[in-house]
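Undergrad: Just passing along the structure, written as structure tokens.
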Amino acid sequence: GNSVTQMEGPVTLSEEAFLTINCTYTATGYPSLFWYVQYPGEGLQLLLKATKADDKGSNKGFEATYRKETTSFHLEKGSVQVSDSAVYFCALFTSGAGSYQLTFGKGTKLSVIP
Amino acid sequence: DVKVTQSSRYLVKRTGEKVFLECVQDMDHENMFWYRQDPGLGLRLIYFSYDVKMKEKGDIPEGYSVSREKKERFSLILESASTNQTSMYLCASSLLGLAGAYEQYFGPGTRLTVT
């Protein structure tokens, strides 16, 4: 079956530090990959996505590149802000034979301190 | 903007009560989903629906049922609430798509406590 493994948190960084949150996956076929973000007290919202190998998703200064050879989709940001404090979820989507599945990682909590 | 709303942000119920969690979306999406979110476990899919009156079990359907009588509304039912159902419940919706990536839009969540 499909699975997503994220680095465990919590992660605490100072403002303007470099962020990496690791995500690796196991899937059959050719999944699409996502990062979702959940700000305190809110539901999840899509941060970025990539649908095929070597695609780079980007949004709000965050980037992630779909690496098929290493089955990874690591999230990066060059300079984090306090407002980036949230829980980040890596997810993959697969479809086939009339069904589809969206699988989430367990989430990584990021706290950015001034 | 797509909006997914959930009937309550916080709910406290007693063991054995029947509990209804309501979710409404305003973008004419075919798919709707119910997840529960627990610390250290991430999101787990309970049920989803790809059309009115259609439902499919997710990863953890035991102790839950769902109802989709109208396209915009998807209800999660706890027939007899138990303390191990204390959790954050998230509803989501998306367009129907078997191929390619599609985005799920989430509601703000309902934090249910069963005492």
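Numbering starts fresh at 1 for the residues of each chain in the structure tokens, the chains themselves are lettered A, B, ... in the order given, and ligands are numbered from 1 as they appear.
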Provide as a PyMOL selection string the residues of chain A at most 7 Å from chain B, counting only C-alpha atoms.
TA: chain A and resi 32+42-46+51+93+95+99-100+104-107
Undergrad: So that I can check the surroundings of Val87 of chain A, please list as a list of chain:residue names every protein, DNA and RNA residue that reaches within 8 Å of it, counting only C-alpha atoms and ignoring chain neighbours fewer than 2 positions away.
TA: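 Contacts, with the query itself left out: A:Val37, A:Gln38, A:Tyr39, A:Ser85, A:Phe89, A:Gly107, A:Thr108, A:Lys109, A:Leu110.
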Undergrad: Residues near Ile113 of chain A, anyone? I mean within 8 Å using only C-alpha atoms, not counting same-chain ones fewer than 2 positions away, as a list in words.
TA: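 After dropping sequence-adjacent residues, the list is Thr12, Leu13, Ser14, Glu15, Val82 and Ser111 of chain A.
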Undergrad: Keeping only N, CA, C and O atoms, write the selected residues to a file as a PDB file, in the first residue's frame.
TA:
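Wrote it out as result.pdb, contents follow:
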ATOM      1  N   THR A  12      11.846  23.665  15.783  1.00  0.00           N
ATOM      2  CA  THR A  12      11.865  25.051  16.243  1.00  0.00           C
ATOM      3  C   THR A  12      13.026  25.770  15.573  1.00  0.00           C
ATOM      4  O   THR A  12      14.169  25.305  15.654  1.00  0.00           O
ATOM      5  N   LEU A  13      12.718  26.885  14.912  1.00  0.00           N
ATOM      6  CA  LEU A  13      13.732  27.664  14.200  1.00  0.00           C
ATOM      7  C   LEU A  13      13.626  29.129  14.571  1.00  0.00           C
ATOM      8  O   LEU A  13      12.542  29.604  14.923  1.00  0.00           O
ATOM      9  N   SER A  14      14.726  29.823  14.435  1.00  0.00           N
ATOM     10  CA  SER A  14      14.702  31.273  14.584  1.00  0.00           C
ATOM     11  C   SER A  14      14.275  31.901  13.268  1.00  0.00           C
ATOM     12  O   SER A  14      14.467  31.322  12.186  1.00  0.00           O
ATOM     13  N   GLU A  15      13.684  33.078  13.383  1.00  0.00           N
ATOM     14  CA  GLU A  15      13.274  33.804  12.173  1.00  0.00           C
ATOM     15  C   GLU A  15      14.467  33.954  11.231  1.00  0.00           C
ATOM     16  O   GLU A  15      15.599  34.167  11.672  1.00  0.00           O
ATOM     17  N   VAL A  82       7.862  34.169  11.433  1.00  0.00           N
ATOM     18  CA  VAL A  82       7.014  33.740  12.545  1.00  0.00           C
ATOM     19  C   VAL A  82       5.664  33.240  12.033  1.00  0.00           C
ATOM     20  O   VAL A  82       5.094  32.272  12.538  1.00  0.00           O
ATOM     21  N   SER A 111       7.672  25.607  14.655  1.00  0.00           N
ATOM     22  CA  SER A 111       7.541  26.831  15.439  1.00  0.00           C
ATOM     23  C   SER A 111       8.708  27.736  15.080  1.00  0.00           C
ATOM     24  O   SER A 111       9.867  27.313  15.126  1.00  0.00           O
TER      25      SER A 111
END
Undergrad: Taking only C-alpha atoms into account, name the residue in B:Ser93, B:Asn31, B:Lys3, B:Ile46 that is nearest to Leu78 of chain B.
TA: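 Among the listed residues, the smallest separation from Leu78 of chain B belongs to B:Ile46.
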Undergrad: One decimal, in Å: what's the spacing between atom CA of Tyr30 of chain A and atom CA of Ser58 of chain A?
TA: 20.1 Å
Undergrad: Name the closest residue to Met54 of chain B among the candidates B:Thr83, B:Tyr35, B:Ile77, B:Glu30; distances are taken between atoms, counting only C-alpha atoms.
TA: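 Looking only at the distances to Met54 of chain B, the closest residue turns out to be B:Glu30.
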Undergrad: Determine which residues of chain B DSSP labels as strand (DSSP E) from the backbone of this structure, then write them out as a ChimeraX atom specification.
TA: /B:4-6,10-13,19-25,31-38,42-49,56-57,64-70,73-78,87-94,105-106,110-114
Undergrad: Convert the current residue selection to file output with C-alpha atoms, as an mmCIF file, in the first residue's frame.
TA:
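Resulting contents of part-v4.cif:
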data_model
loop_
_atom_site.group_PDB
_atom_site.id
_atom_site.type_symbol
_atom_site.label_atom_id
_atom_site.label_comp_id
_atom_site.auth_asym_id
_atom_site.auth_seq_id
_atom_site.Cartn_x
_atom_site.Cartn_y
_atom_site.Cartn_z
ATOM 1 C CA VAL B 4 -16.273 24.137 3.518
ATOM 2 C CA THR B 5 -18.138 24.700 6.737
ATOM 3 C CA GLN B 6 -18.651 22.382 9.678
ATOM 4 C CA TYR B 10 -16.291 22.300 19.635
ATOM 5 C CA LEU B 11 -18.628 19.571 20.830
ATOM 6 C CA VAL B 12 -18.876 17.684 24.121
ATOM 7 C CA LYS B 13 -20.971 14.514 24.249
ATOM 8 C CA VAL B 19 -23.608 12.289 17.475
ATOM 9 C CA PHE B 20 -24.082 14.059 14.153
ATOM 10 C CA LEU B 21 -21.307 16.092 12.550
ATOM 11 C CA GLU B 22 -22.418 18.139 9.575
ATOM 12 C CA CYS B 23 -20.348 19.435 6.687
ATOM 13 C CA VAL B 24 -21.453 21.712 3.845
ATOM 14 C CA GLN B 25 -19.485 22.839 0.777
ATOM 15 C CA ASN B 31 -16.197 14.275 -3.639
ATOM 16 C CA MET B 32 -16.519 14.741 0.094
ATOM 17 C CA PHE B 33 -14.425 13.223 2.869
ATOM 18 C CA TRP B 34 -14.347 12.762 6.628
ATOM 19 C CA TYR B 35 -11.009 12.430 8.443
ATOM 20 C CA ARG B 36 -10.024 12.301 12.046
ATOM 21 C CA GLN B 37 -6.811 13.922 13.192
ATOM 22 C CA ASP B 38 -4.959 12.684 16.264
ATOM 23 C CA GLY B 42 -1.822 12.456 11.309
ATOM 24 C CA LEU B 43 -5.009 12.332 9.250
ATOM 25 C CA ARG B 44 -6.886 9.086 8.835
ATOM 26 C CA LEU B 45 -9.719 8.696 6.368
ATOM 27 C CA ILE B 46 -13.003 7.515 7.875
ATOM 28 C CA TYR B 47 -15.382 7.623 4.904
ATOM 29 C CA PHE B 48 -15.680 9.371 1.595
ATOM 30 C CA SER B 49 -18.407 9.934 -0.961
ATOM 31 C CA GLU B 56 -16.977 4.285 0.494
ATOM 32 C CA LYS B 57 -15.173 3.130 3.616
ATOM 33 C CA TYR B 64 -18.993 5.531 12.211
ATOM 34 C CA SER B 65 -21.551 5.895 9.458
ATOM 35 C CA VAL B 66 -22.212 8.639 6.917
ATOM 36 C CA SER B 67 -25.055 10.147 4.988
ATOM 37 C CA ARG B 68 -25.058 12.113 1.740
ATOM 38 C CA GLU B 69 -28.598 13.037 0.718
ATOM 39 C CA LYS B 70 -27.619 16.237 -1.083
ATOM 40 C CA ARG B 73 -23.873 18.099 2.504
ATOM 41 C CA PHE B 74 -22.020 15.166 4.049
ATOM 42 C CA SER B 75 -22.825 14.000 7.562
ATOM 43 C CA LEU B 76 -20.737 11.850 9.874
ATOM 44 C CA ILE B 77 -22.662 9.857 12.462
ATOM 45 C CA LEU B 78 -21.349 8.272 15.617
ATOM 46 C CA SER B 87 -10.655 13.619 18.332
ATOM 47 C CA MET B 88 -10.519 16.432 15.808
ATOM 48 C CA TYR B 89 -12.775 15.696 12.847
ATOM 49 C CA LEU B 90 -12.023 17.309 9.495
ATOM 50 C CA CYS B 91 -14.310 17.436 6.489
ATOM 51 C CA ALA B 92 -12.967 18.026 2.971
ATOM 52 C CA SER B 93 -14.299 18.276 -0.562
ATOM 53 C CA SER B 94 -12.824 18.116 -4.045
ATOM 54 C CA TYR B 105 -10.469 21.822 0.448
ATOM 55 C CA PHE B 106 -10.815 21.437 4.193
ATOM 56 C CA THR B 110 -14.774 19.955 14.887
ATOM 57 C CA ARG B 111 -13.066 19.076 18.134
ATOM 58 C CA LEU B 112 -15.223 16.385 19.708
ATOM 59 C CA THR B 113 -14.810 15.342 23.320
ATOM 60 C CA VAL B 114 -16.660 12.251 24.561
#
Undergrad: In Å, how far is it from atom CA of Gly57 of chain A to atom CA of Val11 of chain A?
TA: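 Atom-to-atom, atom CA of Gly57 of chain A and atom CA of Val11 of chain A are spaced 22.0 Å apart.
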Undergrad: Go ahead and compute the interatomic distance for atom CA of His74 of chain A and atom CA of Leu19 of chain A, in Å to one decimal.
TA: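 Separation of atom CA of His74 of chain A and atom CA of Leu19 of chain A: 10.0 Å.
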